[in-house]
>>> print(open('protein_15.txt').read())   # compact mmCIF, N, CA and C atoms
# COMPACT_ATOMS: atom_id res chain seq x y z
N MET A 48 150.81 144.14 108.57
CA MET A 48 149.66 144.86 108.06
C MET A 48 149.48 144.57 106.58
N GLU A 49 150.60 144.52 105.86
CA GLU A 49 150.52 144.29 104.43
C GLU A 49 150.02 142.88 104.12
N ILE A 50 150.39 141.88 104.87
CA ILE A 50 149.95 140.51 104.67
C ILE A 50 148.46 140.40 104.99
N THR A 51 147.97 141.07 105.99
CA THR A 51 146.56 141.04 106.37
C THR A 51 145.70 141.63 105.25
N PHE A 52 146.16 142.72 104.63
CA PHE A 52 145.42 143.33 103.54
C PHE A 52 145.35 142.39 102.34
N ALA A 53 146.45 141.72 102.04
CA ALA A 53 146.49 140.78 100.91
C ALA A 53 145.55 139.60 101.16
N VAL A 54 145.53 139.10 102.38
CA VAL A 54 144.63 137.99 102.73
C VAL A 54 143.18 138.44 102.62
N LEU A 55 142.89 139.65 103.11
CA LEU A 55 141.54 140.20 103.03
C LEU A 55 141.10 140.38 101.57
N LEU A 56 142.01 140.84 100.73
CA LEU A 56 141.71 141.02 99.31
C LEU A 56 141.39 139.68 98.65
N TRP A 57 142.17 138.65 98.96
CA TRP A 57 141.88 137.31 98.42
C TRP A 57 140.56 136.79 98.92
N ALA A 58 140.24 137.02 100.16
CA ALA A 58 138.97 136.57 100.73
C ALA A 58 137.79 137.25 100.03
N VAL A 59 137.93 138.54 99.73
CA VAL A 59 136.86 139.27 99.02
C VAL A 59 136.71 138.71 97.61
N ARG A 60 137.82 138.43 96.94
CA ARG A 60 137.76 137.86 95.60
C ARG A 60 137.07 136.50 95.59
N ILE A 61 137.43 135.67 96.54
CA ILE A 61 136.83 134.33 96.64
C ILE A 61 135.34 134.44 96.95
N ALA A 62 134.99 135.34 97.85
CA ALA A 62 133.57 135.54 98.18
C ALA A 62 132.80 136.02 96.95
N PHE A 63 133.39 136.91 96.18
CA PHE A 63 132.74 137.40 94.96
C PHE A 63 132.52 136.25 93.98
N LEU A 64 133.53 135.41 93.77
CA LEU A 64 133.38 134.28 92.86
C LEU A 64 132.32 133.30 93.35
N VAL A 65 132.28 133.04 94.63
CA VAL A 65 131.26 132.14 95.18
C VAL A 65 129.86 132.72 94.92
N LEU A 66 129.69 134.01 95.17
CA LEU A 66 128.39 134.64 94.93
C LEU A 66 128.03 134.62 93.44
N LEU A 67 129.02 134.83 92.59
CA LEU A 67 128.77 134.79 91.15
C LEU A 67 128.32 133.39 90.72
N TYR A 68 129.01 132.35 91.19
CA TYR A 68 128.62 130.98 90.86
C TYR A 68 127.23 130.67 91.40
N LEU A 69 126.91 131.09 92.60
CA LEU A 69 125.57 130.86 93.15
C LEU A 69 124.50 131.55 92.31
N PHE A 70 124.79 132.77 91.88
CA PHE A 70 123.85 133.50 91.02
C PHE A 70 123.62 132.74 89.71
N LEU A 71 124.71 132.28 89.08
CA LEU A 71 124.60 131.56 87.82
C LEU A 71 123.83 130.24 88.00
N LEU A 72 124.10 129.53 89.07
CA LEU A 72 123.36 128.30 89.34
C LEU A 72 121.87 128.59 89.50
N ARG A 73 121.55 129.63 90.20
CA ARG A 73 120.14 130.02 90.40
C ARG A 73 119.50 130.41 89.06
N ALA A 74 120.21 131.18 88.25
CA ALA A 74 119.68 131.60 86.95
C ALA A 74 119.44 130.39 86.04
N PHE A 75 120.38 129.46 86.00
CA PHE A 75 120.19 128.26 85.18
C PHE A 75 119.06 127.40 85.73
N GLY A 76 118.88 127.36 87.03
CA GLY A 76 117.77 126.62 87.62
C GLY A 76 116.42 127.20 87.19
N VAL A 77 116.32 128.53 87.21
CA VAL A 77 115.09 129.19 86.77
C VAL A 77 114.84 128.90 85.29
N LEU A 78 115.88 128.99 84.47
CA LEU A 78 115.75 128.70 83.04
C LEU A 78 115.32 127.25 82.82
N HIS A 79 115.92 126.33 83.54
CA HIS A 79 115.56 124.92 83.41
C HIS A 79 114.10 124.69 83.78
N ARG A 80 113.63 125.29 84.85
CA ARG A 80 112.21 125.14 85.27
C ARG A 80 111.28 125.76 84.23
N ALA A 81 111.67 126.88 83.64
CA ALA A 81 110.82 127.51 82.63
C ALA A 81 110.71 126.63 81.39
N LEU A 82 111.81 126.03 80.99
CA LEU A 82 111.77 125.13 79.83
C LEU A 82 110.99 123.86 80.15
N ALA A 83 111.13 123.35 81.35
CA ALA A 83 110.40 122.15 81.75
C ALA A 83 108.90 122.41 81.81
N ALA A 84 108.48 123.65 82.06
CA ALA A 84 107.07 123.98 82.12
C ALA A 84 106.40 123.81 80.77
N GLU A 85 107.18 123.79 79.69
CA GLU A 85 106.63 123.59 78.34
C GLU A 85 106.25 122.14 78.10
N ARG A 86 106.64 121.28 78.97
CA ARG A 86 106.35 119.85 78.77
C ARG A 86 104.99 119.51 79.38
N VAL A 87 104.24 118.70 78.66
CA VAL A 87 102.96 118.25 79.17
C VAL A 87 103.16 117.03 80.05
N ALA A 88 102.11 116.57 80.70
CA ALA A 88 102.21 115.51 81.69
C ALA A 88 102.83 114.22 81.15
N ASP A 89 102.56 113.87 79.89
CA ASP A 89 103.08 112.60 79.36
C ASP A 89 104.53 112.70 78.90
N GLY A 90 105.14 113.88 79.02
CA GLY A 90 106.54 114.03 78.69
C GLY A 90 106.79 114.57 77.29
N ALA A 91 105.78 114.66 76.49
CA ALA A 91 105.96 115.22 75.15
C ALA A 91 105.94 116.75 75.24
N VAL A 92 106.63 117.38 74.34
CA VAL A 92 106.68 118.84 74.33
C VAL A 92 105.39 119.36 73.70
N ARG A 93 104.73 120.30 74.36
CA ARG A 93 103.50 120.89 73.83
C ARG A 93 103.86 121.69 72.59
N ALA A 94 103.10 121.46 71.53
CA ALA A 94 103.36 122.15 70.26
C ALA A 94 102.86 123.58 70.35
N LEU A 95 103.65 124.51 69.85
CA LEU A 95 103.24 125.91 69.78
C LEU A 95 102.35 126.15 68.57
N GLY A 96 102.46 125.28 67.61
CA GLY A 96 101.67 125.33 66.40
C GLY A 96 101.88 124.04 65.66
N THR A 97 101.11 123.84 64.61
CA THR A 97 101.20 122.61 63.84
C THR A 97 101.12 122.94 62.35
N LEU A 98 101.93 122.28 61.55
CA LEU A 98 101.80 122.33 60.11
C LEU A 98 101.19 121.01 59.67
N ILE A 99 100.11 121.10 58.88
CA ILE A 99 99.43 119.91 58.38
C ILE A 99 99.63 119.86 56.87
N VAL A 100 100.08 118.72 56.38
CA VAL A 100 100.32 118.56 54.95
C VAL A 100 98.97 118.47 54.23
N GLU A 101 98.74 119.42 53.32
CA GLU A 101 97.51 119.49 52.54
C GLU A 101 97.67 118.80 51.18
N ARG A 102 98.84 118.94 50.59
CA ARG A 102 99.12 118.25 49.33
C ARG A 102 100.62 117.92 49.31
N SER A 103 100.91 116.82 48.61
CA SER A 103 102.28 116.34 48.55
C SER A 103 102.55 115.79 47.16
N ALA A 104 103.79 115.88 46.73
CA ALA A 104 104.16 115.43 45.39
C ALA A 104 104.64 113.99 45.37
N GLY A 105 104.86 113.42 46.52
CA GLY A 105 105.41 112.06 46.55
C GLY A 105 104.91 111.29 47.76
N HIS A 106 105.74 110.36 48.20
CA HIS A 106 105.38 109.50 49.32
C HIS A 106 105.57 110.18 50.67
N SER A 107 106.45 111.16 50.71
CA SER A 107 106.77 111.80 51.98
C SER A 107 106.97 113.29 51.77
N PRO A 108 106.38 114.12 52.57
CA PRO A 108 105.43 113.78 53.64
C PRO A 108 104.08 113.39 53.04
N ARG A 109 103.30 112.63 53.82
CA ARG A 109 102.00 112.19 53.37
C ARG A 109 100.94 113.25 53.67
N VAL A 110 99.92 113.33 52.85
CA VAL A 110 98.81 114.23 53.09
C VAL A 110 98.21 113.87 54.45
N GLY A 111 97.97 114.88 55.28
CA GLY A 111 97.44 114.67 56.62
C GLY A 111 98.50 114.58 57.70
N GLU A 112 99.76 114.39 57.30
CA GLU A 112 100.85 114.32 58.28
C GLU A 112 100.97 115.66 59.00
N ARG A 113 101.28 115.60 60.29
CA ARG A 113 101.38 116.79 61.13
C ARG A 113 102.80 116.97 61.63
N PHE A 114 103.24 118.24 61.63
CA PHE A 114 104.55 118.59 62.16
C PHE A 114 104.34 119.59 63.29
N SER A 115 104.80 119.24 64.49
CA SER A 115 104.72 120.16 65.63
C SER A 115 105.79 121.23 65.47
N LEU A 116 105.41 122.47 65.75
CA LEU A 116 106.32 123.59 65.58
C LEU A 116 106.94 124.01 66.90
N ARG A 117 108.15 124.51 66.80
CA ARG A 117 108.83 125.13 67.94
C ARG A 117 108.87 126.63 67.67
N ALA A 118 109.42 127.39 68.58
CA ALA A 118 109.48 128.85 68.42
C ALA A 118 110.23 129.25 67.15
N SER A 119 111.19 128.44 66.73
CA SER A 119 111.89 128.65 65.47
C SER A 119 111.98 127.28 64.80
N THR A 120 111.35 127.17 63.62
CA THR A 120 111.24 125.89 62.93
C THR A 120 111.76 126.03 61.50
N SER A 121 112.77 125.22 61.17
CA SER A 121 113.32 125.26 59.82
C SER A 121 112.59 124.26 58.92
N ILE A 122 112.41 124.67 57.66
CA ILE A 122 111.71 123.84 56.68
C ILE A 122 112.59 123.71 55.45
N GLY A 123 112.71 122.50 54.92
CA GLY A 123 113.48 122.33 53.70
C GLY A 123 113.76 120.88 53.38
N ARG A 124 114.51 120.67 52.31
CA ARG A 124 114.79 119.33 51.80
C ARG A 124 115.82 118.59 52.66
N ASP A 125 116.73 119.32 53.32
CA ASP A 125 117.76 118.70 54.14
C ASP A 125 117.15 117.96 55.33
N ALA A 126 117.63 116.78 55.62
CA ALA A 126 117.09 115.96 56.72
C ALA A 126 117.28 116.63 58.08
N GLY A 127 118.18 117.58 58.20
CA GLY A 127 118.41 118.26 59.47
C GLY A 127 117.36 119.32 59.80
N ASN A 128 116.44 119.59 58.90
CA ASN A 128 115.39 120.57 59.17
C ASN A 128 114.37 120.01 60.14
N ASP A 129 113.68 120.90 60.84
CA ASP A 129 112.61 120.48 61.74
C ASP A 129 111.44 119.89 60.95
N VAL A 130 111.20 120.43 59.76
CA VAL A 130 110.17 119.91 58.85
C VAL A 130 110.88 119.53 57.55
N PRO A 131 111.30 118.26 57.44
CA PRO A 131 112.02 117.82 56.23
C PRO A 131 111.03 117.50 55.11
N LEU A 132 111.27 118.04 53.93
CA LEU A 132 110.41 117.82 52.77
C LEU A 132 111.21 117.11 51.69
N THR A 133 110.75 115.95 51.27
CA THR A 133 111.46 115.20 50.23
C THR A 133 110.88 115.57 48.87
N ASP A 134 111.15 116.80 48.46
CA ASP A 134 110.68 117.31 47.18
C ASP A 134 111.83 118.06 46.53
N GLU A 135 112.16 117.69 45.31
CA GLU A 135 113.28 118.32 44.61
C GLU A 135 113.06 119.81 44.39
N ALA A 136 111.81 120.25 44.40
CA ALA A 136 111.51 121.67 44.18
C ALA A 136 111.72 122.51 45.45
N ALA A 137 111.98 121.86 46.57
CA ALA A 137 112.27 122.57 47.82
C ALA A 137 113.78 122.68 47.98
N SER A 138 114.25 123.81 48.48
CA SER A 138 115.68 124.00 48.72
C SER A 138 116.08 123.28 50.01
N ALA A 139 117.39 123.06 50.15
CA ALA A 139 117.89 122.34 51.33
C ALA A 139 117.46 123.05 52.63
N ARG A 140 117.67 124.35 52.71
CA ARG A 140 117.14 125.18 53.82
C ARG A 140 116.26 126.21 53.15
N HIS A 141 114.99 125.90 53.07
CA HIS A 141 114.05 126.67 52.25
C HIS A 141 113.48 127.88 52.97
N ALA A 142 112.94 127.65 54.18
CA ALA A 142 112.26 128.73 54.90
C ALA A 142 112.35 128.47 56.39
N VAL A 143 112.03 129.50 57.16
CA VAL A 143 111.99 129.36 58.62
C VAL A 143 110.70 129.99 59.13
N LEU A 144 110.05 129.29 60.04
CA LEU A 144 108.86 129.79 60.74
C LEU A 144 109.32 130.21 62.13
N GLU A 145 108.92 131.42 62.57
CA GLU A 145 109.31 131.90 63.90
C GLU A 145 108.11 132.47 64.61
N LEU A 146 108.05 132.21 65.90
CA LEU A 146 107.02 132.78 66.76
C LEU A 146 107.62 134.02 67.41
N ARG A 147 107.06 135.19 67.07
CA ARG A 147 107.55 136.46 67.60
C ARG A 147 106.39 137.20 68.25
N ASP A 148 106.50 137.48 69.52
CA ASP A 148 105.46 138.22 70.25
C ASP A 148 104.08 137.61 70.06
N GLY A 149 104.01 136.28 70.07
CA GLY A 149 102.74 135.58 69.97
C GLY A 149 102.19 135.44 68.56
N GLU A 150 102.96 135.86 67.55
CA GLU A 150 102.50 135.76 66.16
C GLU A 150 103.51 134.96 65.34
N TRP A 151 102.99 134.17 64.40
CA TRP A 151 103.84 133.38 63.53
C TRP A 151 104.28 134.19 62.33
N TRP A 152 105.54 134.06 61.97
CA TRP A 152 106.13 134.72 60.81
C TRP A 152 106.87 133.67 60.00
N ILE A 153 106.85 133.82 58.69
CA ILE A 153 107.62 132.93 57.82
C ILE A 153 108.56 133.79 56.99
N GLU A 154 109.75 133.26 56.77
CA GLU A 154 110.74 133.96 55.96
C GLU A 154 111.38 132.96 55.01
N ASP A 155 111.42 133.30 53.74
CA ASP A 155 112.11 132.50 52.74
C ASP A 155 113.61 132.72 52.93
N LEU A 156 114.38 131.66 52.86
CA LEU A 156 115.83 131.76 53.10
C LEU A 156 116.62 131.81 51.79
N GLY A 157 116.07 132.50 50.80
CA GLY A 157 116.75 132.61 49.52
C GLY A 157 116.60 131.37 48.67
N SER A 158 115.48 130.68 48.80
CA SER A 158 115.25 129.44 48.05
C SER A 158 115.16 129.72 46.56
N THR A 159 115.41 128.69 45.78
CA THR A 159 115.36 128.81 44.32
C THR A 159 113.94 129.07 43.82
N ASN A 160 112.97 128.33 44.34
CA ASN A 160 111.60 128.41 43.84
C ASN A 160 110.67 129.28 44.68
N GLY A 161 111.17 129.86 45.75
CA GLY A 161 110.36 130.76 46.56
C GLY A 161 109.39 130.05 47.49
N THR A 162 108.75 130.86 48.34
CA THR A 162 107.76 130.39 49.30
C THR A 162 106.48 131.17 49.04
N LEU A 163 105.36 130.46 48.99
CA LEU A 163 104.07 131.10 48.77
C LEU A 163 103.21 131.02 50.02
N VAL A 164 102.53 132.10 50.34
CA VAL A 164 101.56 132.13 51.42
C VAL A 164 100.21 132.45 50.79
N ASN A 165 99.29 131.51 50.90
CA ASN A 165 97.96 131.65 50.30
C ASN A 165 98.05 132.01 48.82
N GLY A 166 99.02 131.38 48.13
CA GLY A 166 99.17 131.55 46.69
C GLY A 166 100.02 132.73 46.25
N THR A 167 100.49 133.54 47.18
CA THR A 167 101.29 134.72 46.84
C THR A 167 102.74 134.52 47.30
N ARG A 168 103.67 134.74 46.37
CA ARG A 168 105.09 134.60 46.70
C ARG A 168 105.50 135.71 47.67
N ILE A 169 106.21 135.33 48.73
CA ILE A 169 106.67 136.32 49.71
C ILE A 169 108.06 136.81 49.34
N GLU A 170 108.32 138.07 49.62
CA GLU A 170 109.62 138.67 49.33
C GLU A 170 110.40 138.97 50.60
N ARG A 171 109.71 139.05 51.72
CA ARG A 171 110.34 139.33 53.02
C ARG A 171 109.57 138.55 54.07
N ALA A 172 109.96 138.68 55.34
CA ALA A 172 109.24 137.98 56.41
C ALA A 172 107.77 138.39 56.36
N GLU A 173 106.89 137.40 56.48
CA GLU A 173 105.45 137.62 56.35
C GLU A 173 104.74 137.05 57.56
N ARG A 174 103.82 137.85 58.14
CA ARG A 174 103.05 137.38 59.30
C ARG A 174 102.00 136.39 58.82
N LEU A 175 101.80 135.34 59.61
CA LEU A 175 100.84 134.29 59.28
C LEU A 175 99.69 134.28 60.26
N ARG A 176 98.58 133.72 59.83
CA ARG A 176 97.42 133.48 60.69
C ARG A 176 97.11 131.99 60.62
N PHE A 177 96.50 131.47 61.66
CA PHE A 177 96.11 130.06 61.63
C PHE A 177 95.13 129.86 60.48
N GLY A 178 95.36 128.80 59.73
CA GLY A 178 94.56 128.52 58.54
C GLY A 178 95.26 128.89 57.25
N ASP A 179 96.33 129.70 57.32
CA ASP A 179 97.06 130.07 56.12
C ASP A 179 97.73 128.84 55.51
N GLU A 180 97.82 128.82 54.18
CA GLU A 180 98.48 127.73 53.48
C GLU A 180 99.83 128.19 52.94
N LEU A 181 100.84 127.38 53.20
CA LEU A 181 102.19 127.62 52.70
C LEU A 181 102.45 126.65 51.56
N ALA A 182 103.07 127.14 50.51
CA ALA A 182 103.49 126.26 49.42
C ALA A 182 105.01 126.34 49.34
N ILE A 183 105.63 125.20 49.56
CA ILE A 183 107.09 125.08 49.50
C ILE A 183 107.38 123.95 48.53
N GLY A 184 107.97 124.31 47.40
CA GLY A 184 108.10 123.33 46.34
C GLY A 184 106.71 122.94 45.87
N ARG A 185 106.47 121.64 45.77
CA ARG A 185 105.15 121.15 45.36
C ARG A 185 104.34 120.66 46.55
N ILE A 186 104.73 121.09 47.75
CA ILE A 186 104.07 120.64 48.98
C ILE A 186 103.28 121.79 49.58
N GLY A 187 102.04 121.52 49.95
CA GLY A 187 101.18 122.50 50.59
C GLY A 187 101.02 122.16 52.06
N LEU A 188 101.23 123.15 52.91
CA LEU A 188 101.14 122.98 54.37
C LEU A 188 100.20 124.03 54.93
N ARG A 189 99.35 123.64 55.89
CA ARG A 189 98.44 124.57 56.54
C ARG A 189 98.86 124.79 57.99
N LEU A 190 98.92 126.06 58.40
CA LEU A 190 99.29 126.39 59.78
C LEU A 190 98.05 126.32 60.66
N GLU A 191 98.14 125.55 61.74
CA GLU A 191 97.05 125.41 62.70
C GLU A 191 97.60 125.57 64.12
N LYS A 192 96.69 125.80 65.05
CA LYS A 192 97.08 125.89 66.46
C LYS A 192 97.67 124.58 66.91
N GLY A 193 98.55 124.66 67.90
CA GLY A 193 99.18 123.46 68.42
C GLY A 193 98.28 122.69 69.35
N ALA A 194 98.58 121.42 69.53
CA ALA A 194 97.83 120.59 70.46
C ALA A 194 98.37 120.82 71.86
N GLY A 195 97.51 120.76 72.83
CA GLY A 195 97.94 120.88 74.22
C GLY A 195 97.65 122.23 74.72
>>> encode(input="protein_15.txt", output="structure tokens")
Amino acid sequence: MEITFAVLLWAVRIAFLVLLYLFLLRAFGVLHRALAAERVADGAVRALGTLIVERSAGHSPRVGERFSLRASTSIGRDAGNDVPLTDEAASARHAVLELRDGEWWIEDLGSTNGTLVNGTRIERAERLRFGDELAIGRIGLRLEKGAG
């Protein structure tokens, strides 16, 4: 009787683990399909928004250059940023743009020279509207709707 109970207990444990793994596989499958839905037919990721360079202090970025935004987009002088700016007046990790509940927000990350929205220096996270101009260092960027 004691051996039968031990075997039954192991069988229940194994069944639980199998169900747990199946659940996790299903959850990751749903997540994968949701992320894949963000891709357009040609395989490029649909932009949630776009930053367009309005003015630049040097050769890069060029005026008119466009940067596609993701739900969280880092901006700064460091090449690892989503929007790299080659301007000495920009900090390595200068600011972050985030999409929250369908609205764009920008937050300065403690940069030396600050971040301006429509000419006003921001002190905390600030909500943006399409058409707003950001000044980071000597570079001006305009927020526009994404393509796609």
>>> closest_residue(input="protein_15.txt", among="A:Thr120, A:Thr51, A:Ser107, A:Ser115", to="Trp152 (chain A)", atoms="only C-alpha atoms")
A:Thr120
>>> atom_distance(input="protein_15.txt", atom1="atom C of Glu180 (chain A)", atom2="CA of Glu101 (chain A)")
9.0 Å
>>> select_by_dssp(input="protein_15.txt", residues="region 94-139 of chain A", states="strand (DSSP E or B)", output="ChimeraX atom specification")
/A:96-102,113-116,119-123,130-131
>>> residues_around(input="protein_15.txt", residues="Glu112 (chain A)", least_positions_apart="3", cutoff="6 Å", atoms="all atoms listed in the file", output="MDAnalysis selection string")
chainID A and resid 98:100 109
>>> atom_distance(input="protein_15.txt", atom1="atom N of Gly187 (chain A)", atom2="atom N of Ser103 (chain A)")
5.0 Å
>>> atom_distance(input="protein_15.txt", atom1="CA of Gly123 (chain A)", atom2="CA of Gly105 (chain A)")
14.9 Å
>>> residues_around(input="protein_15.txt", residues="Gly178 (chain A)", least_positions_apart="4", cutoff="7 Å", atoms="only N, CA and C atoms", output="count of residues only")
4
>>> closest_residue(input="protein_15.txt", among="A:Leu163, A:Ala118, A:Val77, A:Leu66", to="Arg147 (chain A)", atoms="only C-alpha atoms")
A:Ala118
>>> closest_residue(input="protein_15.txt", among="A:Leu55, A:Ile153, A:Leu64, A:Leu188", to="Leu175 (chain A)", atoms="only N, CA and C atoms")
A:Ile153
>>> residues_around(input="protein_15.txt", residues="region 128-135 of chain A", least_positions_apart="4", cutoff="10 Å", atoms="only C-alpha atoms", output="number ranges by chain")
A: 98, 103-108, 113-117, 119-124, 139-143, 183-186
